[in-house]
Structure formats: C-alpha cells, structure tokens
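> Submitted below is the structure of interest, expressed as structure tokens.
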Amino acid sequence: MASSAITELRQLLNSTIRITVADGRIFLGSFIGTDQPMNILLTDTQELRLESPATGDNREDNELCSGRFVGQVLIPWKIVRKIEVQEPTQSQQRTRTQLDYDGYIL
C-alpha cells in the first residue's frame, strides 16, 4: 500500500507547478512525476527569470520578465528552493485521456 506522501504526490499529477531554483530561475509547467532521487519532471514548461528593468540584475524583489518555452525538463531536487501548486479552475480540469480535435492526448 502506498504511503500518504506518495498518495498526495499522485494527486498533484498533471497540476500546474511553479518551481523556483537556486539561481533565481522559475519553471512553470505540468507536473508529470519524479524519479527515485526526487528530481521533478515537468512538461509544457516555461522558464522565467527575475530581472531588474533598469539593470538586468537577477534579484528577488524584481518583476518577472518574459521567458522562453523549454518543453520537458527534469529539475534536480537539490537546486529546488520553492514549489507552488496552481489551483485548477473548473474549466482547466482535464485528464490525460481526453482527446482534442487533432487526436493528441491533452
């Protein structure tokens, strides 16, 4: 039987997760799992940075600049500083078995 921690982790599958890493980057994507050492796997991921509009310095108190699409990423657990889960609205809730019009799995 799975432990309560594993059960809670499974409930987060396909949720939108925002992960802040040690160098200040932020990854925003769909959580699809972890590996044995708890590295985090995201798909459909955007990479964002905090930058000062005037200087371009990376600092905590600045606004997000536009990022880039990085697709699927594996984020090492040892560089993770913060994880946030976006609460889905009713219209955003989908399962991986729903098909769109092109036949792709969402």
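Following the order of the structure tokens, chains are lettered A, B, ..., residues in each are numbered from 1, and ligands are numbered from 1.
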Write out as a list in words the residues lying within 12 Å of A:Leu9, counting only C-alpha atoms and excluding same-chain residues fewer than 3 positions away.

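Close residues of A:Leu9: Ala2, Ser3, Ser4, Ala5, Ile6, Leu12, Leu13, Asn14, Ser15, Phe31, Ile32, Gly33, Thr34, Met38, Ile40 and Val85 of chain A.
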
> Could you list, as a list in words, every residue within 6 Å of A:Arg18, counting only C-alpha atoms and ignoring same-chain residues fewer than 5 positions away?

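What passes the distance filter is Phe27, Leu28, Ile83 and Glu84 of chain A.
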
> Emit the selected residues as a PDB file, in the first residue's frame, including C-alpha atoms.


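Writing the result to selection.pdb gives the following:
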```pdb
ATOM      1  CA  PHE A  27       9.899  26.931 -14.128  1.00  0.00           C
ATOM      2  CA  LEU A  28       6.154  26.832 -14.760  1.00  0.00           C
ATOM      3  CA  ILE A  83       7.403  24.753  -5.135  1.00  0.00           C
ATOM      4  CA  GLU A  84       3.950  26.239  -5.642  1.00  0.00           C
TER       5      GLU A  84
END
```

> So what do you get for atom CA of A:Leu48 versus atom CA of A:Glu8, distance-wise?

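If I compute the distance from atom CA of A:Leu48 to atom CA of A:Glu8, I get 26.9 Å.
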
> Mind pulling up the distance from atom CA of A:Gln46 to atom CA of A:Val21?

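For atom CA of A:Val21 relative to atom CA of A:Gln46, the distance reads 13.4 Å.
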